[in-house]
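S.K.: Got a file for you: coords.txt, compact mmCIF, C-alpha atoms.
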```txt
# COMPACT_ATOMS: atom_id res chain seq x y z
CA MET A 9 146.45 67.18 87.54
CA GLN A 10 144.21 70.23 87.17
CA ILE A 11 141.29 71.04 89.46
CA ASN A 12 138.69 73.63 88.47
CA LEU A 13 136.25 75.11 90.95
CA SER A 14 133.10 76.96 89.98
CA VAL A 15 131.26 79.00 92.59
CA GLU A 16 127.82 80.44 91.93
CA GLY A 17 125.71 82.70 94.07
CA PRO A 18 122.17 81.83 95.14
CA SER A 19 119.66 81.65 92.26
CA ASP A 20 117.32 84.03 94.07
CA SER A 21 119.93 86.81 94.07
CA PRO A 22 118.46 90.02 92.63
CA ASP A 23 120.67 89.83 89.53
CA ARG A 24 120.66 86.04 88.99
CA GLY A 25 118.18 83.37 88.02
CA PRO A 26 114.90 83.83 86.13
CA VAL A 27 113.21 87.22 86.06
CA SER A 28 109.65 86.91 87.34
CA VAL A 29 107.15 89.10 85.49
CA GLY A 30 103.47 89.01 86.34
CA TRP A 31 100.57 89.68 84.02
CA PHE A 32 96.98 90.35 85.02
CA LEU A 33 93.78 91.99 83.81
CA THR A 34 92.84 95.29 85.39
CA GLN A 35 89.15 94.34 85.37
CA ASP A 36 87.07 91.18 85.47
CA LYS A 37 84.42 92.41 83.05
CA GLY A 38 84.64 90.34 79.87
CA ALA A 39 87.79 88.59 81.12
CA VAL A 40 86.99 85.49 79.05
CA LEU A 41 87.75 87.53 75.90
CA PHE A 42 91.37 88.15 76.84
CA ALA A 43 93.63 85.14 76.32
CA PRO A 44 96.94 84.83 78.20
CA PRO A 45 100.08 86.17 76.50
CA GLU A 46 102.27 83.41 75.05
CA ARG A 47 105.90 83.15 74.07
CA LEU A 48 106.72 83.86 70.46
CA GLY A 49 107.45 80.76 68.40
CA THR A 50 105.38 78.22 70.34
CA ARG A 51 103.85 76.64 67.23
CA GLN A 52 105.27 73.45 65.72
CA THR A 53 108.34 74.00 63.55
CA ASN A 54 110.68 71.75 61.60
CA ARG A 55 113.42 70.56 63.97
CA THR A 56 114.45 67.39 62.13
CA HIS A 57 117.45 68.90 60.37
CA ALA A 58 120.47 69.77 62.51
CA LYS A 59 120.86 73.10 60.69
CA SER A 60 117.21 74.07 60.87
CA ALA A 61 116.59 77.66 61.96
CA ALA A 62 114.21 76.25 64.57
CA ARG A 63 117.26 74.74 66.32
CA CYS A 64 119.49 77.80 66.06
CA PRO A 65 120.35 78.97 69.61
CA ALA A 66 120.34 82.63 68.54
CA VAL A 67 116.82 82.30 67.12
CA ILE A 68 115.61 80.39 70.18
CA GLN A 69 117.11 82.99 72.54
CA MET A 70 115.50 85.84 70.64
CA GLU A 71 112.05 84.28 70.38
CA SER A 72 112.03 83.24 74.04
CA ARG A 73 112.22 86.90 75.08
CA TYR A 74 109.12 88.07 73.22
CA PHE A 75 105.56 87.44 74.33
CA VAL A 76 102.52 87.73 72.08
CA VAL A 77 99.35 89.53 73.19
CA PRO A 78 96.45 88.30 71.04
CA CYS A 79 93.66 90.40 69.61
CA PRO A 80 90.40 89.94 71.56
CA TYR A 81 88.03 91.20 68.85
CA ASP A 82 87.03 90.86 65.21
CA ILE A 83 87.04 94.41 63.83
CA ARG A 84 86.92 96.06 60.42
CA LEU A 85 87.29 99.84 60.52
CA GLY A 86 87.24 102.48 57.83
CA PHE A 87 88.08 106.17 57.95
CA ALA A 88 85.82 108.99 56.75
CA ARG A 89 84.93 112.60 57.33
CA ASP A 90 81.45 113.90 58.00
CA GLU A 91 79.75 116.81 56.22
CA LYS A 92 81.64 119.25 58.48
CA GLY A 93 85.01 117.66 57.71
CA ARG A 94 85.40 115.99 61.11
CA ALA A 95 87.32 112.71 61.17
CA GLN A 96 85.39 109.62 62.20
CA LEU A 97 85.60 105.83 62.29
CA VAL A 98 83.29 103.70 60.16
CA ASN A 99 82.27 100.18 61.16
CA ARG A 100 82.75 98.46 57.79
CA ALA A 101 81.32 95.19 59.08
CA GLY A 102 77.96 96.87 59.61
CA SER A 103 75.25 94.56 60.87
CA ALA A 104 77.61 91.60 60.45
CA SER A 105 79.96 92.98 63.10
CA PRO A 106 80.34 90.71 66.15
CA ILE A 107 80.55 93.89 68.28
CA ARG A 108 77.33 95.83 68.77
CA ALA A 109 77.48 99.32 67.30
CA SER A 110 76.72 100.80 70.72
CA LYS A 111 79.76 99.02 72.19
CA LEU A 112 82.31 99.63 69.44
CA ALA A 113 83.14 103.11 70.74
CA GLU A 114 84.02 101.54 74.10
CA VAL A 115 86.58 99.33 72.37
CA VAL A 116 88.26 101.56 69.77
CA THR A 117 88.49 105.33 69.54
CA LEU A 118 89.88 107.85 67.10
CA VAL A 119 92.34 110.19 68.80
CA SER A 120 91.59 113.90 68.51
CA GLU A 121 92.98 115.18 65.22
CA ALA A 122 95.02 117.87 67.01
CA GLU A 123 97.02 115.08 68.69
CA TRP A 124 98.01 113.16 65.54
CA ARG A 125 101.75 113.08 64.89
CA PHE A 126 101.16 113.80 61.19
CA PRO A 127 98.14 115.60 59.75
CA ASP A 128 97.47 112.82 57.22
CA ARG A 129 97.89 109.86 59.61
CA PRO A 130 94.96 109.28 61.98
CA THR A 131 95.69 107.62 65.31
CA VAL A 132 93.41 104.86 66.57
CA GLN A 133 93.46 103.41 70.09
CA MET A 134 92.08 100.16 71.47
CA VAL A 135 91.56 100.04 75.23
CA LEU A 136 92.87 96.81 76.80
CA PRO A 137 93.03 95.47 80.37
CA TYR A 138 96.45 93.77 80.01
CA CYS A 139 98.93 94.89 82.66
CA PHE A 140 102.42 93.67 83.63
CA VAL A 141 104.25 94.04 86.93
CA ALA A 142 107.55 93.07 88.58
CA ASP A 143 109.21 93.34 91.99
CA GLU A 144 112.69 94.05 90.62
CA PRO A 145 113.81 96.59 88.00
CA VAL A 146 112.22 95.45 84.72
CA TRP A 147 111.50 97.50 81.61
CA LEU A 148 108.74 96.48 79.20
CA THR A 149 108.95 97.30 75.49
CA GLN A 150 105.80 97.09 73.37
CA ILE A 151 106.45 96.54 69.65
CA GLY A 152 104.70 95.46 66.47
CA CYS A 153 104.33 91.87 65.30
CA PHE A 154 107.44 91.65 63.13
CA ALA A 155 107.43 87.82 63.06
CA HIS A 156 103.78 87.44 62.11
CA TYR A 157 102.96 87.21 58.40
CA ARG A 158 99.76 88.87 57.23
CA PRO A 159 98.68 88.22 53.61
CA ASP A 160 96.94 91.61 53.77
CA PRO A 161 99.24 93.88 55.83
CA LEU A 162 97.79 96.50 58.14
CA PRO A 163 97.71 100.00 56.59
CA GLY A 164 99.95 101.52 59.23
CA THR A 165 102.22 100.91 62.19
CA LEU A 166 101.93 100.29 65.90
CA PHE A 167 102.84 103.00 68.37
CA GLY A 168 105.44 101.23 70.50
CA GLY A 169 106.59 102.21 73.96
CA ARG A 170 108.95 101.39 76.80
CA MET A 171 108.35 101.75 80.54
CA PRO A 172 109.56 100.38 83.91
CA ILE A 173 106.85 98.01 85.14
CA HIS A 174 108.35 97.74 88.64
CA VAL A 175 107.32 101.36 89.31
CA TRP A 176 104.88 102.12 86.47
CA PRO A 177 102.58 99.11 85.85
CA ARG A 178 99.97 100.64 83.55
CA PRO A 179 97.35 98.94 81.35
CA LEU A 180 98.61 98.64 77.78
CA MET A 181 96.65 99.79 74.78
CA TRP A 182 96.91 99.16 71.08
CA ALA A 183 97.73 102.50 69.47
CA PHE A 184 97.86 102.51 65.69
CA GLU A 185 99.12 105.16 63.26
CA TRP A 186 97.03 104.90 60.11
CA HIS A 187 99.44 105.63 57.24
CA ASP A 188 96.92 104.83 54.51
CA PRO A 189 93.42 105.73 55.72
CA SER A 190 91.97 104.79 52.33
CA ARG A 191 92.46 101.15 53.39
CA ASP A 192 90.50 99.47 56.16
CA ILE A 193 91.98 98.24 59.43
CA VAL A 194 91.11 94.54 59.68
CA LEU A 195 91.77 92.75 62.97
CA GLN A 196 90.88 89.16 63.75
CA ARG A 197 90.32 87.68 67.16
CA GLY A 198 93.19 85.41 68.22
CA GLU A 199 95.75 86.91 65.85
CA PRO A 200 98.82 88.59 67.37
CA LEU A 201 98.04 92.21 68.25
CA PHE A 202 101.48 93.21 69.54
CA TYR A 203 104.57 91.82 71.24
CA VAL A 204 106.08 92.67 74.63
CA GLN A 205 109.73 92.24 75.59
CA PHE A 206 111.25 92.52 79.05
CA GLU A 207 114.69 93.77 80.12
CA ALA A 208 116.16 93.27 83.59
CA THR A 209 119.57 93.21 85.25
CA GLY A 210 121.65 90.68 83.31
CA PRO A 211 120.94 90.11 79.59
CA ASP A 212 121.33 86.34 79.99
CA ARG A 213 118.54 85.89 82.55
CA PRO A 214 115.43 84.08 81.25
CA ILE A 215 111.98 85.63 81.63
CA GLN A 216 109.33 83.75 83.61
CA LEU A 217 105.90 85.18 82.82
CA ILE A 218 103.28 84.20 85.39
CA ALA A 219 99.65 85.09 86.05
CA ALA A 220 99.53 87.58 88.91
CA GLU A 221 96.95 88.19 91.61
CA ARG A 222 95.27 91.60 91.56
CA THR A 223 95.81 92.13 95.27
CA PRO A 224 94.36 95.07 97.22
CA ALA A 225 97.87 96.58 97.51
CA LEU A 226 98.38 96.32 93.75
CA ALA A 227 94.92 97.74 93.02
CA THR A 228 95.56 100.70 95.32
CA TYR A 229 98.92 101.39 93.70
CA LEU A 230 97.40 101.26 90.21
CA GLU A 231 94.75 103.73 91.31
CA SER A 232 97.45 106.16 92.46
CA LEU A 233 98.86 106.15 88.90
CA SER A 234 95.51 106.25 87.11
CA GLY A 235 94.69 109.18 84.86
CA VAL A 236 97.80 111.23 85.57
CA VAL A 237 98.49 111.57 81.84
CA ASN A 238 95.56 114.02 81.74
CA TYR A 239 97.34 116.42 84.09
CA VAL A 240 101.05 116.30 83.19
CA SER A 241 102.88 116.21 79.87
CA GLN A 242 105.84 114.09 80.98
CA THR A 243 104.61 111.19 83.11
CA PHE A 244 108.14 109.79 83.36
CA SER A 245 108.91 112.73 85.66
CA LEU A 246 106.61 111.06 88.21
CA PHE A 247 108.64 107.86 88.56
CA GLN A 248 110.33 108.92 91.81
CA ALA A 249 107.02 109.98 93.34
CA ALA A 250 105.49 106.67 92.25
CA GLU A 251 108.37 104.73 93.78
CA ASP A 252 107.83 106.55 97.08
CA LEU A 253 104.23 105.30 97.12
CA ARG A 254 105.08 101.78 96.00
CA PRO A 255 104.41 98.98 98.51
CA PRO A 256 107.29 96.52 99.09
CA LYS A 257 105.58 93.75 97.07
CA LEU A 258 103.37 94.02 94.01
CA LEU A 259 103.77 90.62 92.34
CA THR A 260 101.80 87.78 93.92
CA PRO A 261 101.45 84.65 91.75
CA LYS A 262 97.87 83.57 91.15
CA ARG A 263 97.01 80.26 92.77
CA ARG A 264 96.91 77.30 90.40
CA GLY A 265 93.43 76.40 89.23
CA GLU A 266 92.17 79.99 89.07
CA THR A 267 91.46 81.68 85.74
CA GLY A 268 94.73 82.40 83.95
CA GLY A 269 96.80 80.25 86.36
CA PRO A 270 100.57 80.57 86.83
CA ASP A 271 101.38 78.19 83.98
CA ALA A 272 99.05 79.83 81.48
CA ALA A 273 101.58 82.16 79.88
CA GLY A 274 105.06 80.76 80.43
CA ARG A 275 104.91 77.76 78.18
```
Show me the file's structure as structure tokens.
M.R.:
Amino acid sequence: MQINLSVEGPSDSPDRGPVSVGWFLTQDKGAVLFAPPERLGTRQTNRTHAKSAARCPAVIQMESRYFVVPCPYDIRLGFARDEKGRAQLVNRAGSASPIRASKLAEVVTLVSEAEWRFPDRPTVQMVLPYCFVADEPVWLTQIGCFAHYRPDPLPGTLFGGRMPIHVWPRPLMWAFEWHDPSRDIVLQRGEPLFYVQFEATGPDRPIQLIAAERTPALATYLESLSGVVNYVSQTFSLFQAAEDLRPPKLLTPKRRGETGGPDAAGR
């Protein structure tokens, strides 16, 4: 006779169980425009065949670790230079644009030409209020939409990034490197804008994405990190100083029934 014993630690141990990641909007203005992030691969797929890719555990594991942030606007942008040779954005939609011309500059901006990585590739930024936070060591990676098929591909690539959201919860932006400025940038509301992936202690731990409360402590901490990129070249050098200012708890789940409730993003 053989007896096997299996002993497991508590599920709420720092390196066991689901990793709780909170998402929230940094402002309430226009909040109805910004849909909750959703897991990649939530649409209906063919699962009838035993060998279908939709039932492959490797595919399921991979897709479950990416979350899709949707585009909040319908935008069509062109690139041009004025009579003095200065780079500028052109609203190709004109009077048919859903965004008023006076508001477009508040949504998307052309980065100063001196800051482009390559002289022939303009950089465009879209300001967004999406922010992610955690109370244990978690790194967020922002990447392009590799699993989303576009019949008319974008004429460039996303600027990705990676940062520790337990000490550096900053609003994300869509930063785009325009490889072919002769072609327009066409974005549609509701389409995937970018993906986010989360890494924590233990590669086998599932990610639980929940709507988070923008508490006074969290708001104060965000304010202490705000705008520092304008004063230092290497913001990662500030991580220790940020951790010294960090309150013990940043992630507070939003109460069910409020806008963007706890179950809005984790399905």
S.K.: For the atom pair CA of Gln150 (chain A) and CA of Arg170 (chain A), what is the interatomic distance in Å to one decimal place?
M.R.: 6.3 Å
S.K.: One decimal, in Å: what's the spacing between CA of Asp128 (chain A) and CA of Asp192 (chain A)?
M.R.: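 These two atoms are separated by 15.1 Å.
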S.K.: Counting only C-alpha atoms, what is within 12 Å of Pro211 (chain A), bar same-chain residues fewer than 6 positions away, as a list in words?
M.R.: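 Using only C-alpha atoms, the neighbours found are Asp23, Arg24, Gly25, Pro26, Val27, Gln69, Met70, Arg73 and Val146 of chain A.
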S.K.: For each of A:Val29, A:Glu185, A:Arg191, A:Cys139, take the minimum atom-to-atom distance to Val98 (chain A), counting all atoms listed in the file, then give the residue where this is smallest.
M.R.: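 Closest candidate: A:Arg191.
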S.K.: Box along x, y and z, 6 Å on every side, all listed atoms of region 35-43 of chain A inside: centre and edge lengths in Å to one decimal, as JSON.
M.R.:
```
{"center_x": 89.0, "center_y": 89.7, "center_z": 80.7, "size_x": 21.2, "size_y": 21.2, "size_z": 21.6}
```
S.K.: Between A:Gln196, A:Thr131, A:Gln216, A:Ser245, which one has atoms that come closest to Arg158 (chain A), using all atoms listed in the file?
M.R.: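 Among the listed residues, the smallest separation from Arg158 (chain A) belongs to A:Gln196.
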S.K.: Which is closest to Leu259 (chain A) among A:Val77, A:Ala227, A:Leu166, A:Ala208, if we use all atoms listed in the file?
M.R.: A:Ala227
S.K.: For CA of Leu258 (chain A) and CA of Met181 (chain A), quote the distance in Å rounded to one decimal.
M.R.: 21.2 Å
S.K.: Taking a cut-off of 10 Å and counting all atoms listed in the file, can you build a table that, for each residue of region 116-196 of chain A near region 78-85 of chain A, reports the nearest atom pair and how far apart they are in Å (one decimal), sorted by chain then residue number, as a Markdown table?
M.R.:
```
| residue | atom | partner | partner_atom | distance |
| --- | --- | --- | --- | --- |
| A:Val116 | CA | A:Ile83 | CA | 9.4 |
| A:Val132 | CA | A:Leu85 | CA | 10.0 |
| A:Leu136 | CA | A:Pro80 | CA | 9.0 |
| A:Trp182 | CA | A:Cys79 | CA | 9.5 |
| A:Pro189 | CA | A:Leu85 | CA | 9.8 |
| A:Arg191 | CA | A:Leu85 | CA | 8.9 |
| A:Asp192 | CA | A:Leu85 | CA | 5.4 |
| A:Ile193 | CA | A:Leu85 | CA | 5.1 |
| A:Val194 | CA | A:Arg84 | CA | 4.5 |
| A:Leu195 | CA | A:Ile83 | CA | 5.1 |
| A:Gln196 | CA | A:Asp82 | CA | 4.5 |
```
S.K.: Convert the current residue selection to file output with C-alpha atoms, as a compact mmCIF listing (two decimals), keeping the file's coordinate frame.
M.R.:
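Result file follows (part31.txt):
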```txt
# COMPACT_ATOMS: atom_id res chain seq x y z
CA VAL A 116 88.26 101.56 69.77
CA VAL A 132 93.41 104.86 66.57
CA LEU A 136 92.87 96.81 76.80
CA TRP A 182 96.91 99.16 71.08
CA PRO A 189 93.42 105.73 55.72
CA ARG A 191 92.46 101.15 53.39
CA ASP A 192 90.50 99.47 56.16
CA ILE A 193 91.98 98.24 59.43
CA VAL A 194 91.11 94.54 59.68
CA LEU A 195 91.77 92.75 62.97
CA GLN A 196 90.88 89.16 63.75
```
S.K.: Have a look at A:Gly49, A:Leu41, A:Lys111, A:Val175 and name the one nearest to Val67 (chain A); count only C-alpha atoms.
M.R.: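 Selected residue with least distance to Val67 (chain A): A:Gly49.
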S.K.: Between A:Phe126, A:Tyr74, A:Phe206, A:Phe247, single out the one closest to Leu233 (chain A), counting all atoms listed in the file.
M.R.: A:Phe247
S.K.: Counting only C-alpha atoms, which residues sit no farther than 12 Å from the position (98.8, 88.7, 88.7) in the file's frame? I'd like them as an NGL selection string.
M.R.: :A and (28-35 or 44 or 138-143 or 177 or 217-227 or 257-264 or 266-273)
S.K.: Pick out the closest residue to Arg89 (chain A) from this set: A:Gly38, A:Pro161, A:Pro130, A:Gly210. Count all atoms listed in the file.
M.R.: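 Of the candidates, the smallest distance to Arg89 (chain A) is held by A:Pro130.
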S.K.: Within 8 Å of Asp188 (chain A), counting all atoms listed in the file, which residues show up once you throw out same-chain ones fewer than 2 positions away? Write them as a count of residues only, please.
M.R.: 6
S.K.: Quick one: everything within 9 Å of region 154-157 of chain A, counting all atoms listed in the file, minus sequence neighbours fewer than 4 positions away in the same chain. Send it as a ChimeraX atom specification.
M.R.: /A:48-49,161,199-200,202-203
